[in-house]
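This is upload-v8.pdb (PDB, C-alpha atoms, pLDDT in the B column).
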MODEL        1
ATOM      1  CA  PRO A   1      35.457  97.448 165.854  1.00 53.00           C
ATOM      2  CA  TRP A   2      32.005  96.877 164.327  1.00 55.00           C
ATOM      3  CA  HIS A   3      30.449  95.738 167.595  1.00 59.00           C
ATOM      4  CA  GLN A   4      30.864  99.332 168.816  1.00 67.00           C
ATOM      5  CA  ASP A   5      29.567 100.905 165.587  1.00 70.00           C
ATOM      6  CA  ARG A   6      32.991 102.490 165.157  1.00 69.00           C
ATOM      7  CA  HIS A   7      32.777 101.624 161.464  1.00 67.00           C
ATOM      8  CA  ARG A   8      30.428 104.592 161.211  1.00 76.00           C
ATOM      9  CA  SER A   9      33.183 106.969 162.340  1.00 81.00           C
ATOM     10  CA  ASP A  10      35.197 108.840 159.740  1.00 85.00           C
ATOM     11  CA  ARG A  11      38.346 106.851 160.418  1.00 83.00           C
ATOM     12  CA  TYR A  12      36.710 103.469 159.708  1.00 82.00           C
ATOM     13  CA  ARG A  13      34.020 104.511 157.231  1.00 83.00           C
ATOM     14  CA  LEU A  14      35.606 102.584 154.339  1.00 88.00           C
ATOM     15  CA  CYS A  15      36.165  99.345 156.284  1.00 82.00           C
ATOM     16  CA  GLN A  16      32.669  97.894 155.982  1.00 80.00           C
ATOM     17  CA  PRO A  17      32.206  98.726 152.272  1.00 89.00           C
ATOM     18  CA  HIS A  18      35.636  97.229 151.603  1.00 90.00           C
ATOM     19  CA  ALA A  19      34.774  94.056 153.540  1.00 84.00           C
ATOM     20  CA  GLN A  20      31.454  93.719 151.710  1.00 87.00           C
ATOM     21  CA  ALA A  21      33.186  94.190 148.350  1.00 93.00           C
ATOM     22  CA  ARG A  22      35.773  91.526 149.228  1.00 88.00           C
ATOM     23  CA  LEU A  23      32.998  89.116 150.264  1.00 84.00           C
ATOM     24  CA  ALA A  24      31.256  89.736 146.960  1.00 88.00           C
ATOM     25  CA  ASP A  25      34.527  89.057 145.097  1.00 90.00           C
ATOM     26  CA  LEU A  26      34.995  85.836 147.052  1.00 84.00           C
ATOM     27  CA  GLY A  27      31.422  84.834 146.299  1.00 84.00           C
ATOM     28  CA  ARG A  28      32.187  85.010 142.599  1.00 90.00           C
ATOM     29  CA  ALA A  29      35.585  83.318 142.859  1.00 92.00           C
ATOM     30  CA  ILE A  30      34.977  80.400 145.232  1.00 93.00           C
ATOM     31  CA  LYS A  31      34.197  77.048 143.633  1.00 95.00           C
ATOM     32  CA  PRO A  32      33.125  73.710 145.126  1.00 96.00           C
ATOM     33  CA  GLY A  33      36.077  72.025 146.803  1.00 95.00           C
ATOM     34  CA  ASP A  34      37.933  75.292 147.473  1.00 96.00           C
ATOM     35  CA  ARG A  35      39.243  76.235 150.899  1.00 96.00           C
ATOM     36  CA  LEU A  36      39.254  79.827 152.068  1.00 94.00           C
ATOM     37  CA  ILE A  37      42.080  80.388 154.553  1.00 95.00           C
ATOM     38  CA  LEU A  38      41.508  83.200 157.019  1.00 94.00           C
ATOM     39  CA  VAL A  39      44.576  84.587 158.812  1.00 92.00           C
ATOM     40  CA  SER A  40      44.212  87.442 161.291  1.00 87.00           C
ATOM     41  CA  ASN A  41      46.204  88.886 164.171  1.00 87.00           C
ATOM     42  CA  LEU A  42      43.400  87.891 166.515  1.00 88.00           C
ATOM     43  CA  PRO A  43      45.142  88.735 169.823  1.00 86.00           C
ATOM     44  CA  SER A  44      45.379  92.318 168.584  1.00 81.00           C
ATOM     45  CA  TYR A  45      41.693  92.466 167.658  1.00 80.00           C
ATOM     46  CA  LEU A  46      40.226  90.351 170.432  1.00 82.00           C
ATOM     47  CA  GLY A  47      42.768  90.477 173.238  1.00 71.00           C
ATOM     48  CA  GLU A  48      43.320  94.182 173.790  1.00 55.00           C
ATOM     49  CA  GLY A  49      41.175  96.931 175.235  1.00 50.00           C
ATOM     50  CA  PRO A  50      38.916  97.061 178.274  1.00 52.00           C
ATOM     51  CA  ARG A  51      37.921  93.669 179.662  1.00 54.00           C
ATOM     52  CA  ALA A  52      34.263  94.681 179.455  1.00 54.00           C
ATOM     53  CA  GLU A  53      34.545  94.764 175.663  1.00 62.00           C
ATOM     54  CA  ALA A  54      35.981  91.243 175.330  1.00 77.00           C
ATOM     55  CA  PRO A  55      32.637  89.359 175.297  1.00 83.00           C
ATOM     56  CA  GLN A  56      31.237  91.689 172.616  1.00 83.00           C
ATOM     57  CA  ARG A  57      34.389  91.352 170.520  1.00 84.00           C
ATOM     58  CA  PHE A  58      34.339  87.567 170.761  1.00 90.00           C
ATOM     59  CA  GLU A  59      30.644  87.435 169.929  1.00 90.00           C
ATOM     60  CA  ALA A  60      31.097  89.773 166.951  1.00 87.00           C
ATOM     61  CA  TYR A  61      33.902  87.531 165.672  1.00 91.00           C
ATOM     62  CA  ARG A  62      31.792  84.390 166.194  1.00 94.00           C
ATOM     63  CA  ARG A  63      28.824  85.863 164.297  1.00 93.00           C
ATOM     64  CA  SER A  64      31.001  87.056 161.425  1.00 90.00           C
ATOM     65  CA  ILE A  65      32.774  83.718 161.061  1.00 95.00           C
ATOM     66  CA  LEU A  66      29.521  81.737 161.137  1.00 97.00           C
ATOM     67  CA  LEU A  67      28.004  84.078 158.545  1.00 92.00           C
ATOM     68  CA  LEU A  68      31.029  83.594 156.301  1.00 93.00           C
ATOM     69  CA  ALA A  69      30.964  79.824 156.875  1.00 96.00           C
ATOM     70  CA  GLY A  70      27.306  79.755 155.801  1.00 94.00           C
ATOM     71  CA  ARG A  71      28.187  81.454 152.532  1.00 91.00           C
ATOM     72  CA  ILE A  72      31.147  79.130 151.998  1.00 92.00           C
ATOM     73  CA  LYS A  73      28.993  76.055 152.671  1.00 95.00           C
ATOM     74  CA  ARG A  74      26.418  77.081 150.078  1.00 93.00           C
ATOM     75  CA  GLN A  75      29.216  77.184 147.518  1.00 93.00           C
ATOM     76  CA  GLY A  76      30.536  73.741 148.446  1.00 95.00           C
ATOM     77  CA  ALA A  77      33.760  75.075 149.943  1.00 96.00           C
ATOM     78  CA  ARG A  78      35.396  75.007 153.381  1.00 97.00           C
ATOM     79  CA  LEU A  79      36.724  77.713 155.710  1.00 97.00           C
ATOM     80  CA  VAL A  80      40.113  77.350 157.423  1.00 98.00           C
ATOM     81  CA  LEU A  81      40.805  79.500 160.481  1.00 98.00           C
ATOM     82  CA  VAL A  82      44.462  79.932 161.452  1.00 97.00           C
ATOM     83  CA  SER A  83      45.138  79.966 165.198  1.00 96.00           C
ATOM     84  CA  PRO A  84      47.366  82.644 166.728  1.00 94.00           C
ATOM     85  CA  LEU A  85      51.136  82.581 166.459  1.00 94.00           C
ATOM     86  CA  PRO A  86      53.390  83.671 169.298  1.00 92.00           C
ATOM     87  CA  SER A  87      53.737  87.438 169.473  1.00 88.00           C
ATOM     88  CA  PHE A  88      56.499  89.613 170.857  1.00 84.00           C
ATOM     89  CA  GLU A  89      56.229  92.965 172.578  1.00 78.00           C
ATOM     90  CA  GLN A  90      57.180  95.684 170.136  1.00 67.00           C
ATOM     91  CA  SER A  91      58.921  97.575 172.936  1.00 67.00           C
ATOM     92  CA  LYS A  92      61.440  94.709 173.233  1.00 69.00           C
ATOM     93  CA  LEU A  93      62.387  95.043 169.569  1.00 66.00           C
ATOM     94  CA  SER A  94      64.965  97.811 169.576  1.00 65.00           C
ATOM     95  CA  ILE A  95      65.220  98.118 165.777  1.00 71.00           C
ATOM     96  CA  PRO A  96      63.179  96.827 162.821  1.00 71.00           C
ATOM     97  CA  LEU A  97      64.050  93.144 162.535  1.00 66.00           C
ATOM     98  CA  THR A  98      64.281  93.491 158.754  1.00 70.00           C
ATOM     99  CA  LEU A  99      67.650  95.188 159.400  1.00 75.00           C
ATOM    100  CA  CYS A 100      68.849  91.957 161.010  1.00 74.00           C
ATOM    101  CA  HIS A 101      68.787  89.908 157.800  1.00 71.00           C
ATOM    102  CA  ARG A 102      72.137  88.921 156.390  1.00 75.00           C
ATOM    103  CA  GLU A 103      72.054  90.006 152.748  1.00 80.00           C
ATOM    104  CA  TRP A 104      74.600  90.433 149.957  1.00 82.00           C
ATOM    105  CA  PHE A 105      74.603  94.148 150.721  1.00 85.00           C
ATOM    106  CA  ARG A 106      74.563  93.543 154.504  1.00 81.00           C
ATOM    107  CA  PRO A 107      77.214  90.955 155.446  1.00 82.00           C
ATOM    108  CA  SER A 108      77.288  89.547 158.964  1.00 78.00           C
ATOM    109  CA  TRP A 109      79.821  92.138 160.174  1.00 82.00           C
ATOM    110  CA  ALA A 110      77.428  94.952 159.147  1.00 81.00           C
ATOM    111  CA  ILE A 111      74.417  93.655 161.085  1.00 77.00           C
ATOM    112  CA  PRO A 112      73.679  96.112 163.906  1.00 76.00           C
ATOM    113  CA  GLN A 113      74.621  95.185 167.455  1.00 69.00           C
ATOM    114  CA  ALA A 114      71.011  95.892 168.432  1.00 66.00           C
ATOM    115  CA  CYS A 115      69.902  92.806 166.496  1.00 70.00           C
ATOM    116  CA  ARG A 116      69.151  90.183 169.057  1.00 68.00           C
ATOM    117  CA  GLY A 117      66.616  87.460 169.455  1.00 73.00           C
ATOM    118  CA  VAL A 118      63.614  88.305 171.570  1.00 82.00           C
ATOM    119  CA  ALA A 119      62.067  85.566 173.676  1.00 86.00           C
ATOM    120  CA  GLU A 120      58.712  85.120 175.372  1.00 90.00           C
ATOM    121  CA  SER A 121      57.536  82.331 177.677  1.00 93.00           C
ATOM    122  CA  ARG A 122      55.873  79.594 175.620  1.00 95.00           C
ATOM    123  CA  GLN A 123      53.420  78.861 178.419  1.00 95.00           C
ATOM    124  CA  LEU A 124      52.433  82.523 178.768  1.00 93.00           C
ATOM    125  CA  GLU A 125      51.983  82.850 174.993  1.00 92.00           C
ATOM    126  CA  LEU A 126      49.629  79.859 175.004  1.00 93.00           C
ATOM    127  CA  GLN A 127      47.739  81.273 177.992  1.00 92.00           C
ATOM    128  CA  HIS A 128      47.481  84.653 176.246  1.00 89.00           C
ATOM    129  CA  THR A 129      45.722  83.065 173.256  1.00 90.00           C
ATOM    130  CA  ALA A 130      43.811  80.298 175.089  1.00 91.00           C
ATOM    131  CA  ALA A 131      40.407  82.014 174.882  1.00 90.00           C
ATOM    132  CA  ILE A 132      40.807  82.517 171.131  1.00 92.00           C
ATOM    133  CA  ARG A 133      41.709  78.845 170.661  1.00 93.00           C
ATOM    134  CA  VAL A 134      38.636  77.795 172.649  1.00 93.00           C
ATOM    135  CA  LEU A 135      36.467  80.073 170.512  1.00 94.00           C
ATOM    136  CA  GLN A 136      37.885  78.584 167.312  1.00 96.00           C
ATOM    137  CA  ARG A 137      37.252  75.017 168.556  1.00 96.00           C
ATOM    138  CA  ASP A 138      33.669  76.034 169.379  1.00 97.00           C
ATOM    139  CA  LEU A 139      33.258  77.374 165.844  1.00 98.00           C
ATOM    140  CA  VAL A 140      34.405  74.016 164.437  1.00 97.00           C
ATOM    141  CA  ARG A 141      31.626  72.357 166.461  1.00 97.00           C
ATOM    142  CA  GLN A 142      29.086  74.915 165.277  1.00 97.00           C
ATOM    143  CA  SER A 143      29.797  74.608 161.557  1.00 97.00           C
ATOM    144  CA  PRO A 144      30.559  71.480 159.525  1.00 97.00           C
ATOM    145  CA  VAL A 145      32.679  73.458 157.037  1.00 98.00           C
ATOM    146  CA  ILE A 146      35.112  75.104 159.477  1.00 98.00           C
ATOM    147  CA  ASP A 147      38.582  73.668 160.134  1.00 98.00           C
ATOM    148  CA  VAL A 148      41.359  75.133 162.286  1.00 98.00           C
ATOM    149  CA  PHE A 149      45.071  75.060 161.485  1.00 98.00           C
ATOM    150  CA  ASP A 150      47.377  75.769 164.427  1.00 97.00           C
ATOM    151  CA  PRO A 151      50.871  76.953 163.380  1.00 96.00           C
ATOM    152  CA  PHE A 152      52.112  77.594 166.927  1.00 96.00           C
ATOM    153  CA  ASN A 153      54.221  74.430 167.399  1.00 96.00           C
ATOM    154  CA  SER A 154      55.931  74.932 164.051  1.00 96.00           C
ATOM    155  CA  VAL A 155      57.591  78.174 165.159  1.00 95.00           C
ATOM    156  CA  CYS A 156      57.642  77.495 168.905  1.00 95.00           C
ATOM    157  CA  PRO A 157      58.272  73.770 169.425  1.00 95.00           C
ATOM    158  CA  PRO A 158      56.763  72.074 172.501  1.00 95.00           C
ATOM    159  CA  ALA A 159      60.239  71.028 173.672  1.00 95.00           C
ATOM    160  CA  GLU A 160      61.238  74.692 174.075  1.00 93.00           C
ATOM    161  CA  ALA A 161      60.385  76.734 177.165  1.00 95.00           C
ATOM    162  CA  THR A 162      60.451  79.982 175.195  1.00 94.00           C
ATOM    163  CA  CYS A 163      59.294  81.228 171.823  1.00 94.00           C
ATOM    164  CA  ARG A 164      61.951  83.205 169.954  1.00 90.00           C
ATOM    165  CA  THR A 165      62.133  85.591 167.017  1.00 87.00           C
ATOM    166  CA  THR A 166      65.190  83.667 165.768  1.00 84.00           C
ATOM    167  CA  ALA A 167      66.158  80.000 165.428  1.00 86.00           C
ATOM    168  CA  GLN A 168      69.479  78.511 164.298  1.00 83.00           C
ATOM    169  CA  GLY A 169      70.641  81.925 163.161  1.00 74.00           C
ATOM    170  CA  GLN A 170      67.532  82.533 161.068  1.00 80.00           C
ATOM    171  CA  LEU A 171      65.115  85.392 161.622  1.00 82.00           C
ATOM    172  CA  LEU A 172      61.599  83.939 162.011  1.00 89.00           C
ATOM    173  CA  PHE A 173      59.691  87.182 162.629  1.00 86.00           C
ATOM    174  CA  SER A 174      60.035  90.539 160.880  1.00 80.00           C
ATOM    175  CA  ASP A 175      58.399  92.360 163.810  1.00 81.00           C
ATOM    176  CA  GLY A 176      56.296  91.459 166.833  1.00 82.00           C
ATOM    177  CA  ASN A 177      53.825  89.238 164.952  1.00 85.00           C
ATOM    178  CA  HIS A 178      54.674  88.848 161.242  1.00 87.00           C
ATOM    179  CA  LEU A 179      56.634  85.866 159.965  1.00 91.00           C
ATOM    180  CA  THR A 180      59.589  86.239 157.630  1.00 88.00           C
ATOM    181  CA  SER A 181      59.893  83.917 154.623  1.00 90.00           C
ATOM    182  CA  GLN A 182      62.079  81.640 156.754  1.00 91.00           C
ATOM    183  CA  GLY A 183      59.473  81.652 159.505  1.00 92.00           C
ATOM    184  CA  ALA A 184      56.702  80.858 157.033  1.00 94.00           C
ATOM    185  CA  LEU A 185      58.716  77.948 155.617  1.00 95.00           C
ATOM    186  CA  ARG A 186      58.633  76.371 159.080  1.00 95.00           C
ATOM    187  CA  LEU A 187      54.866  75.970 158.653  1.00 95.00           C
ATOM    188  CA  TYR A 188      55.177  74.149 155.337  1.00 95.00           C
ATOM    189  CA  GLY A 189      55.288  70.560 156.599  1.00 95.00           C
ATOM    190  CA  ALA A 190      52.506  70.914 159.135  1.00 96.00           C
ATOM    191  CA  PHE A 191      50.314  72.902 156.763  1.00 97.00           C
ATOM    192  CA  SER A 192      50.811  70.409 153.912  1.00 96.00           C
ATOM    193  CA  ARG A 193      49.775  67.552 156.225  1.00 96.00           C
ATOM    194  CA  PHE A 194      46.787  69.571 157.435  1.00 96.00           C
ATOM    195  CA  LEU A 195      45.595  70.176 153.870  1.00 94.00           C
ATOM    196  CA  THR A 196      45.826  66.505 152.932  1.00 94.00           C
ATOM    197  CA  GLN A 197      44.094  65.310 156.104  1.00 91.00           C
ATOM    198  CA  THR A 198      41.113  67.700 156.153  1.00 83.00           C
TER     199      THR A 198
ENDMDL
END
In structure tokens, write the structure found in this file.
Amino acid sequence: PWHQDRHRSDRYRLCQPHAQARLADLGRAIKPGDRLILVSNLPSYLGEGPRAEAPQRFEAYRRSILLLAGRIKRQGARLVLVSPLPSFEQSKLSIPLTLCHREWFRPSWAIPQACRGVAESRQLELQHTAAIRVLQRDLVRQSPVIDVFDPFNSVCPPAEATCRTTAQGQLLFSDGNHLTSQGALRLYGAFSRFLTQT
């Protein structure tokens, strides 16, 4: 919330010093040829709140990313931005999805009845994050060291009309927007190809 100076409030007073300390750590650690991968729940940060705030939020994100890219470039490294994943309304998740994992101590017969896959329209999910994707493509044009990896199709294939929290009996999300280990493994092939091609 730095565009509103909320980092000066008591609740957020440690955010900016923490971010500056992390940037300093990265400055010491990054070497030529490295890639810094930046993953954020951008719809939460950029897509919520009053519409009047959206341009300021997007501009604050753009400035921050370009500043970081400038630092990365001076060190001979690259910056990888990860595009948004599908997200699921928390209100539709009746229990924590971590309780839906089949484990040695939780056989299939012990999984709660409330465990069910949650689905969202693929088209609506893409529309919901379209402005963020456009912004990220613009950032690629503005900096020669920025690349974008899009994991969306790996967990929500184009042939499907809906995005789901489960697939083939596997839990892909542990809540509304965090991947499980199984969900993350679905990115492996696409991400490996991305790393070898960029």
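Ranking A:Asp10, A:Asp5, A:Glu160, A:Asp175 by their shortest atom-to-atom distance to Thr98 of chain A, with all atoms listed in the file included, puts A:Asp175 first.
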Within-12 Å shell of (59.1, 78.0, 173.0) in input frame, all atoms listed in the file, as a ChimeraX atom specification: /A:85-87,118-126,152-167
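Using all atoms listed in the file, the shortest contact distance between Asn41 of chain A and any of A:Leu179, A:Leu68, A:Ala54, A:Ala184 is found at A:Leu179.
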What lies within 12 Å of Val140 of chain A using all atoms listed in the file, ignoring chain neighbours under 6 positions off, as a short mmCIF file (atom, residue, chain, number, x, y, z; two decimals) with C-alpha atoms, in the frame of the given file?
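Dumped to out.cif:
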data_model
loop_
_atom_site.label_atom_id
_atom_site.label_comp_id
_atom_site.auth_asym_id
_atom_site.auth_seq_id
_atom_site.Cartn_x
_atom_site.Cartn_y
_atom_site.Cartn_z
CA ARG A 62 31.79 84.39 166.19
CA ILE A 65 32.77 83.72 161.06
CA LEU A 66 29.52 81.74 161.14
CA ALA A 69 30.96 79.82 156.88
CA ARG A 78 35.40 75.01 153.38
CA LEU A 79 36.72 77.71 155.71
CA VAL A 80 40.11 77.35 157.42
CA LEU A 81 40.80 79.50 160.48
CA ARG A 133 41.71 78.84 170.66
CA VAL A 134 38.64 77.80 172.65
CA ILE A 146 35.11 75.10 159.48
CA ASP A 147 38.58 73.67 160.13
CA VAL A 148 41.36 75.13 162.29
CA PHE A 149 45.07 75.06 161.49
#
Box dimensions and centre (Å, one decimal) enclosing segment 96-110 of chain A, axis-aligned, 8 Å extra per side, as JSON:
{"center_x": 71.5, "center_y": 92.9, "center_z": 156.4, "size_x": 32.6, "size_y": 23.9, "size_z": 28.9}
Can you turn the PyMOL selection byres ((chain A and resi 40) around 8) into a concrete residue list for this file, as a list in words? Leu38, Val39, Asn41, Leu42, Val82 and Pro84 of chain A
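Relative to atom CA of Pro55 of chain A, atom CA of Leu36 of chain A is found at 26.0 Å.
One finds atom CA of Glu89 of chain A at 19.2 Å from atom CA of Gln170 of chain A.
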When you draw a straight line from atom CA of Arg106 of chain A to atom CA of Leu172 of chain A, how long is it in Å? 17.8 Å
Selection result of the PyMOL selection byres ((chain A and resi 24-35) around 8) on this file, as a list in words: Gln20, Ala21, Arg22, Leu23, Leu36, Ile37, Arg71, Ile72, Gln75, Gly76, Ala77, Arg78, Leu79 and Val80 of chain A
Residue nearest Cys115 of chain A - candidates A:Leu67, A:Gln142, A:Ser181, A:Gly169, atoms counted: all atoms listed in the file: A:Gly169
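For the choices A:Asp150, A:Pro43, A:Pro144, A:Phe58, the atom-to-atom distance to Phe88 of chain A is smallest for A:Pro43 when using only C-alpha atoms.
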Between A:Thr129, A:Tyr188, A:Asp138, A:Leu171, which has the minimum distance to Leu46 of chain A (counting only C-alpha atoms)? A:Thr129
Using the partial input, fill out segment 129-151 of chain A with N, CA, C and O atoms; write the result as a compact mmCIF listing (two decimals), in the coordinates of the input.
# COMPACT_ATOMS: atom_id res chain seq x y z
N THR A 129 46.61 83.32 174.40
CA THR A 129 45.72 83.06 173.26
C THR A 129 44.72 81.94 173.53
O THR A 129 44.00 81.52 172.62
N ALA A 130 44.66 81.45 174.77
CA ALA A 130 43.81 80.30 175.09
C ALA A 130 42.34 80.56 174.77
O ALA A 130 41.65 79.69 174.21
N ALA A 131 41.83 81.73 175.11
CA ALA A 131 40.41 82.01 174.88
C ALA A 131 40.09 82.02 173.39
O ALA A 131 39.01 81.58 172.97
N ILE A 132 41.02 82.51 172.58
CA ILE A 132 40.81 82.52 171.13
C ILE A 132 40.78 81.09 170.59
O ILE A 132 39.94 80.74 169.77
N ARG A 133 41.67 80.25 171.10
CA ARG A 133 41.71 78.84 170.66
C ARG A 133 40.42 78.12 171.03
O ARG A 133 39.90 77.33 170.25
N VAL A 134 39.91 78.39 172.22
CA VAL A 134 38.64 77.80 172.65
C VAL A 134 37.51 78.25 171.72
O VAL A 134 36.69 77.45 171.27
N LEU A 135 37.48 79.54 171.42
CA LEU A 135 36.47 80.07 170.51
C LEU A 135 36.54 79.39 169.15
O LEU A 135 35.52 79.01 168.57
N GLN A 136 37.74 79.22 168.62
CA GLN A 136 37.88 78.58 167.31
C GLN A 136 37.43 77.13 167.35
O GLN A 136 36.79 76.65 166.41
N ARG A 137 37.74 76.41 168.43
CA ARG A 137 37.25 75.02 168.56
C ARG A 137 35.73 74.99 168.63
O ARG A 137 35.08 74.10 168.06
N ASP A 138 35.13 75.95 169.32
CA ASP A 138 33.67 76.03 169.38
C ASP A 138 33.08 76.26 167.99
O ASP A 138 32.05 75.69 167.65
N LEU A 139 33.74 77.10 167.20
CA LEU A 139 33.26 77.37 165.84
C LEU A 139 33.31 76.12 164.98
O LEU A 139 32.43 75.90 164.15
N VAL A 140 34.33 75.29 165.17
CA VAL A 140 34.40 74.02 164.44
C VAL A 140 33.19 73.15 164.77
O VAL A 140 32.61 72.51 163.89
N ARG A 141 32.80 73.15 166.05
CA ARG A 141 31.63 72.36 166.46
C ARG A 141 30.32 72.95 165.92
O ARG A 141 29.36 72.24 165.69
N GLN A 142 30.31 74.25 165.72
CA GLN A 142 29.09 74.92 165.28
C GLN A 142 28.88 74.89 163.77
O GLN A 142 27.77 75.12 163.31
N SER A 143 29.93 74.62 163.01
CA SER A 143 29.80 74.61 161.56
C SER A 143 30.54 73.41 160.97
O SER A 143 31.72 73.21 161.29
N PRO A 144 29.89 72.65 160.11
CA PRO A 144 30.56 71.48 159.52
C PRO A 144 31.60 71.83 158.46
O PRO A 144 32.31 70.94 157.99
N VAL A 145 31.72 73.09 158.10
CA VAL A 145 32.68 73.46 157.04
C VAL A 145 33.88 74.25 157.57
O VAL A 145 34.70 74.72 156.80
N ILE A 146 33.99 74.37 158.89
CA ILE A 146 35.11 75.10 159.48
C ILE A 146 36.17 74.12 159.98
O ILE A 146 35.86 73.16 160.66
N ASP A 147 37.42 74.39 159.62
CA ASP A 147 38.58 73.67 160.13
C ASP A 147 39.52 74.69 160.75
O ASP A 147 39.48 75.87 160.40
N VAL A 148 40.39 74.24 161.65
CA VAL A 148 41.36 75.13 162.29
C VAL A 148 42.76 74.57 162.09
O VAL A 148 43.01 73.40 162.38
N PHE A 149 43.65 75.41 161.59
CA PHE A 149 45.07 75.06 161.49
C PHE A 149 45.82 75.84 162.55
O PHE A 149 45.70 77.06 162.64
N ASP A 150 46.61 75.13 163.36
CA ASP A 150 47.38 75.77 164.43
C ASP A 150 48.87 75.74 164.08
O ASP A 150 49.50 74.69 164.11
N PRO A 151 49.45 76.89 163.76
CA PRO A 151 50.87 76.95 163.38
C PRO A 151 51.83 77.11 164.56
O PRO A 151 53.05 77.14 164.36
